[in-house]
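Q: For reference, the file protein.cif (mmCIF, C-alpha atoms) is included below:
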data_input
loop_
_atom_site.group_PDB
_atom_site.id
_atom_site.type_symbol
_atom_site.label_atom_id
_atom_site.label_comp_id
_atom_site.auth_asym_id
_atom_site.auth_seq_id
_atom_site.Cartn_x
_atom_site.Cartn_y
_atom_site.Cartn_z
ATOM 1 C CA MET A 1 -59.365 -91.003 116.057
ATOM 2 C CA SER A 2 -58.260 -90.698 112.411
ATOM 3 C CA GLY A 3 -59.568 -94.026 111.182
ATOM 4 C CA GLN A 4 -56.043 -95.245 110.419
ATOM 5 C CA GLU A 5 -56.184 -97.439 113.485
ATOM 6 C CA ASN A 6 -59.098 -99.376 111.974
ATOM 7 C CA ALA A 7 -57.553 -100.112 108.565
ATOM 8 C CA ASP A 8 -55.564 -103.257 107.822
ATOM 9 C CA ALA A 9 -53.273 -101.259 105.538
ATOM 10 C CA ILE A 10 -52.979 -97.707 104.248
ATOM 11 C CA MET A 11 -50.878 -96.992 101.181
ATOM 12 C CA GLN A 12 -49.367 -93.511 101.415
ATOM 13 C CA PHE A 13 -48.318 -92.308 97.935
ATOM 14 C CA SER A 14 -45.199 -90.578 99.200
ATOM 15 C CA VAL A 15 -41.874 -91.362 100.830
ATOM 16 C CA PRO A 16 -41.027 -90.997 104.518
ATOM 17 C CA GLY A 17 -38.599 -88.155 103.766
ATOM 18 C CA PHE A 18 -41.476 -85.935 102.601
ATOM 19 C CA GLU A 19 -43.447 -86.420 105.809
ATOM 20 C CA TYR A 20 -43.055 -84.924 109.259
ATOM 21 C CA PRO A 21 -41.581 -87.463 111.666
ATOM 22 C CA ARG A 22 -44.357 -88.983 113.779
ATOM 23 C CA SER A 23 -43.918 -91.236 116.758
ATOM 24 C CA ASN A 24 -47.581 -92.270 116.608
ATOM 25 C CA LEU A 25 -47.745 -93.356 112.941
ATOM 26 C CA PRO A 26 -49.791 -96.564 112.860
ATOM 27 C CA GLU A 27 -48.000 -99.689 111.623
ATOM 28 C CA SER A 28 -50.756 -100.004 109.023
ATOM 29 C CA VAL A 29 -49.320 -97.027 107.066
ATOM 30 C CA HIS A 30 -46.998 -98.081 104.259
ATOM 31 C CA PHE A 31 -45.093 -95.556 102.147
ATOM 32 C CA VAL A 32 -45.243 -96.803 98.565
ATOM 33 C CA GLY A 33 -43.691 -93.876 96.666
ATOM 34 C CA PRO A 34 -45.333 -91.646 94.092
ATOM 35 C CA VAL A 35 -47.873 -92.644 91.509
ATOM 36 C CA SER A 36 -45.941 -92.421 88.255
ATOM 37 C CA ARG A 37 -47.010 -92.284 84.652
ATOM 38 C CA THR A 38 -46.259 -95.375 82.614
ATOM 39 C CA VAL A 39 -47.322 -93.835 79.304
ATOM 40 C CA PRO A 40 -46.005 -90.425 78.166
ATOM 41 C CA SER A 41 -48.599 -87.637 78.187
ATOM 42 C CA THR A 42 -50.015 -86.643 74.812
ATOM 43 C CA GLY A 43 -51.821 -83.389 75.589
ATOM 44 C CA GLU A 44 -51.363 -80.238 73.563
ATOM 45 C CA LEU A 45 -48.408 -78.086 74.585
ATOM 46 C CA PRO A 46 -48.722 -74.298 74.945
ATOM 47 C CA ASP A 47 -47.534 -72.068 72.089
ATOM 48 C CA TRP A 48 -44.555 -70.872 74.158
ATOM 49 C CA TRP A 49 -43.214 -74.401 74.806
ATOM 50 C CA GLY A 50 -40.305 -73.828 72.400
ATOM 51 C CA GLU A 51 -38.926 -71.196 74.790
ATOM 52 C CA LEU A 52 -37.919 -74.022 77.144
ATOM 53 C CA GLU A 53 -34.960 -74.864 74.880
ATOM 54 C CA GLY A 54 -32.380 -74.141 77.573
ATOM 55 C CA SER A 55 -31.165 -70.612 76.855
ATOM 56 C CA ARG A 56 -32.105 -69.607 80.388
ATOM 57 C CA PRO A 57 -33.080 -71.486 83.544
ATOM 58 C CA VAL A 58 -36.697 -72.592 83.929
ATOM 59 C CA VAL A 59 -38.526 -72.131 87.238
ATOM 60 C CA HIS A 60 -41.845 -73.972 87.373
ATOM 61 C CA VAL A 61 -44.369 -72.597 89.890
ATOM 62 C CA SER A 62 -47.597 -74.359 90.837
ATOM 63 C CA GLN A 63 -50.008 -74.585 93.755
ATOM 64 C CA GLY A 64 -51.372 -77.843 92.363
ATOM 65 C CA THR A 65 -55.003 -78.675 91.646
ATOM 66 C CA VAL A 66 -56.444 -78.457 95.164
ATOM 67 C CA ALA A 67 -54.950 -75.517 97.100
ATOM 68 C CA ASN A 68 -54.952 -73.133 94.152
ATOM 69 C CA ARG A 69 -57.743 -70.663 94.953
ATOM 70 C CA ASP A 70 -55.534 -67.974 96.480
ATOM 71 C CA TYR A 71 -52.565 -67.231 94.222
ATOM 72 C CA ALA A 72 -51.197 -64.867 96.901
ATOM 73 C CA GLN A 73 -50.154 -67.940 98.894
ATOM 74 C CA LEU A 74 -47.438 -69.040 96.440
ATOM 75 C CA ILE A 75 -47.720 -68.104 92.770
ATOM 76 C CA GLU A 76 -47.846 -64.302 93.120
ATOM 77 C CA PRO A 77 -44.931 -64.074 95.604
ATOM 78 C CA ALA A 78 -42.832 -66.420 93.469
ATOM 79 C CA ILE A 79 -43.453 -64.347 90.342
ATOM 80 C CA ALA A 80 -42.668 -61.124 92.219
ATOM 81 C CA GLY A 81 -39.486 -62.595 93.662
ATOM 82 C CA LEU A 82 -38.238 -63.661 90.227
ATOM 83 C CA VAL A 83 -39.094 -60.468 88.337
ATOM 84 C CA ASN A 84 -35.471 -59.307 88.040
ATOM 85 C CA GLU A 85 -33.936 -62.734 87.481
ATOM 86 C CA ASP A 86 -32.837 -64.010 84.076
ATOM 87 C CA VAL A 87 -35.129 -67.036 84.276
ATOM 88 C CA LEU A 88 -38.258 -68.209 82.514
ATOM 89 C CA VAL A 89 -41.053 -68.574 85.079
ATOM 90 C CA VAL A 90 -43.517 -71.267 83.988
ATOM 91 C CA VAL A 91 -46.777 -71.205 85.947
ATOM 92 C CA SER A 92 -49.502 -73.817 85.869
ATOM 93 C CA THR A 93 -52.781 -72.826 87.509
ATOM 94 C CA GLY A 94 -53.867 -76.389 88.266
ATOM 95 C CA GLY A 95 -56.903 -76.209 86.014
ATOM 96 C CA ARG A 96 -58.063 -72.707 86.836
ATOM 97 C CA PRO A 97 -58.494 -70.344 83.881
ATOM 98 C CA VAL A 98 -55.333 -68.426 83.027
ATOM 99 C CA ASP A 99 -57.215 -65.123 83.210
ATOM 100 C CA THR A 100 -57.735 -65.667 86.952
ATOM 101 C CA LEU A 101 -54.113 -64.583 87.456
ATOM 102 C CA PRO A 102 -53.545 -60.859 87.948
ATOM 103 C CA SER A 103 -52.492 -59.182 84.739
ATOM 104 C CA PRO A 104 -50.527 -57.998 82.999
ATOM 105 C CA LEU A 105 -48.012 -60.777 83.490
ATOM 106 C CA LEU A 106 -44.336 -59.965 83.722
ATOM 107 C CA ALA A 107 -42.186 -60.420 80.611
ATOM 108 C CA ASN A 108 -40.449 -63.550 81.939
ATOM 109 C CA VAL A 109 -43.675 -65.386 82.925
ATOM 110 C CA ARG A 110 -45.531 -67.992 80.871
ATOM 111 C CA VAL A 111 -48.841 -69.450 82.100
ATOM 112 C CA THR A 112 -51.188 -72.271 81.237
ATOM 113 C CA SER A 113 -53.822 -74.269 83.115
ATOM 114 C CA TYR A 114 -52.073 -77.639 83.015
ATOM 115 C CA LEU A 115 -48.619 -78.818 82.010
ATOM 116 C CA PRO A 116 -47.456 -82.382 81.388
ATOM 117 C CA LEU A 117 -44.954 -82.821 84.206
ATOM 118 C CA ASP A 118 -43.355 -85.827 82.512
ATOM 119 C CA LYS A 119 -42.306 -83.466 79.707
ATOM 120 C CA LEU A 120 -41.767 -80.306 81.784
ATOM 121 C CA LEU A 121 -39.699 -81.521 84.738
ATOM 122 C CA PRO A 122 -36.707 -82.681 82.650
ATOM 123 C CA LEU A 123 -36.519 -79.084 81.329
ATOM 124 C CA THR A 124 -36.992 -77.491 84.773
ATOM 125 C CA ASP A 125 -34.168 -76.195 86.946
ATOM 126 C CA VAL A 126 -36.300 -75.337 90.007
ATOM 127 C CA PHE A 127 -39.836 -76.401 90.960
ATOM 128 C CA VAL A 128 -41.598 -74.104 93.447
ATOM 129 C CA SER A 129 -44.563 -75.964 94.906
ATOM 130 C CA ASN A 130 -46.902 -76.024 97.873
ATOM 131 C CA GLY A 131 -45.679 -79.539 98.612
ATOM 132 C CA GLY A 132 -48.828 -81.434 97.635
ATOM 133 C CA HIS A 133 -48.730 -85.100 96.687
ATOM 134 C CA GLY A 134 -48.568 -86.125 93.062
#
Taking this structure as input, can you express it in the form of structure tokens?

A:
Amino acid sequence: MSGQENADAIMQFSVPGFEYPRSNLPESVHFVGPVSRTVPSTGELPDWWGELEGSRPVVHVSQGTVANRDYAQLIEPAIAGLVNEDVLVVVSTGGRPVDTLPSPLLANVRVTSYLPLDKLLPLTDVFVSNGGHG
């Protein structure tokens, strides 16, 4: 028993299209969409931010802030697969130190611990993700 059967209501911060179809989803689960920022982020941007000016496509790669211990699951294969492409690969480590990535980094890769997605996503052509919520 998952506990969902005992709750009056469960707010799922997603949309049905992102979930696997389930015939046994309790009626108490309500998809309410993502949690969105209402105030623009104000954090410091990395020194290389100016390179996102649009001269080449931007591919953002992240394993999020939870499932980010093993870069071989997503970040490393994505970087390797884009090595010969004329794209700028922007990696966020989800809070882990940048030096935890194998080095040296390829010439088309830029890395930082966190990136303000409200500023980054409008400049991003492709987002490679592990599919986490948020």

Q: Contacts of Gly43 (chain A) at 10 Å or less, counting only C-alpha atoms, minus same-chain residues fewer than 4 places along, as a VMD selection string?

A: chain A and resid 114 to 116

Q: Need to verify the contact set: region 94-104 of chain A, 9 Å, all atoms listed in the file, exclusion of same-chain residues closer than 4 positions in sequence. Can you return it as an MDAnalysis selection string?

A: chainID A and resid 62:69 71 76 111:115

Q: I need the residue set behind the PyMOL selection byres ((chain A and resi 53) around 12) for this file; please write it as an MDAnalysis selection string.

A: chainID A and resid 48:52 54:58 88 120 122:124

Q: So how far away is CA of Asn84 (chain A) from CA of Arg110 (chain A), in Å?

A: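 Going from CA of Arg110 (chain A) over to CA of Asn84 (chain A), I get 15.1 Å.
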
Q: Rank A:His60, A:Gln12, A:Pro34, A:Ile75 by their smallest atom-to-atom distance to Leu105 (chain A), using all atoms listed in the file, and report the top residue only.

A: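 Checking each of A:His60, A:Gln12, A:Pro34, A:Ile75 against Leu105 (chain A), counting all atoms listed in the file, the winner is A:Ile75.
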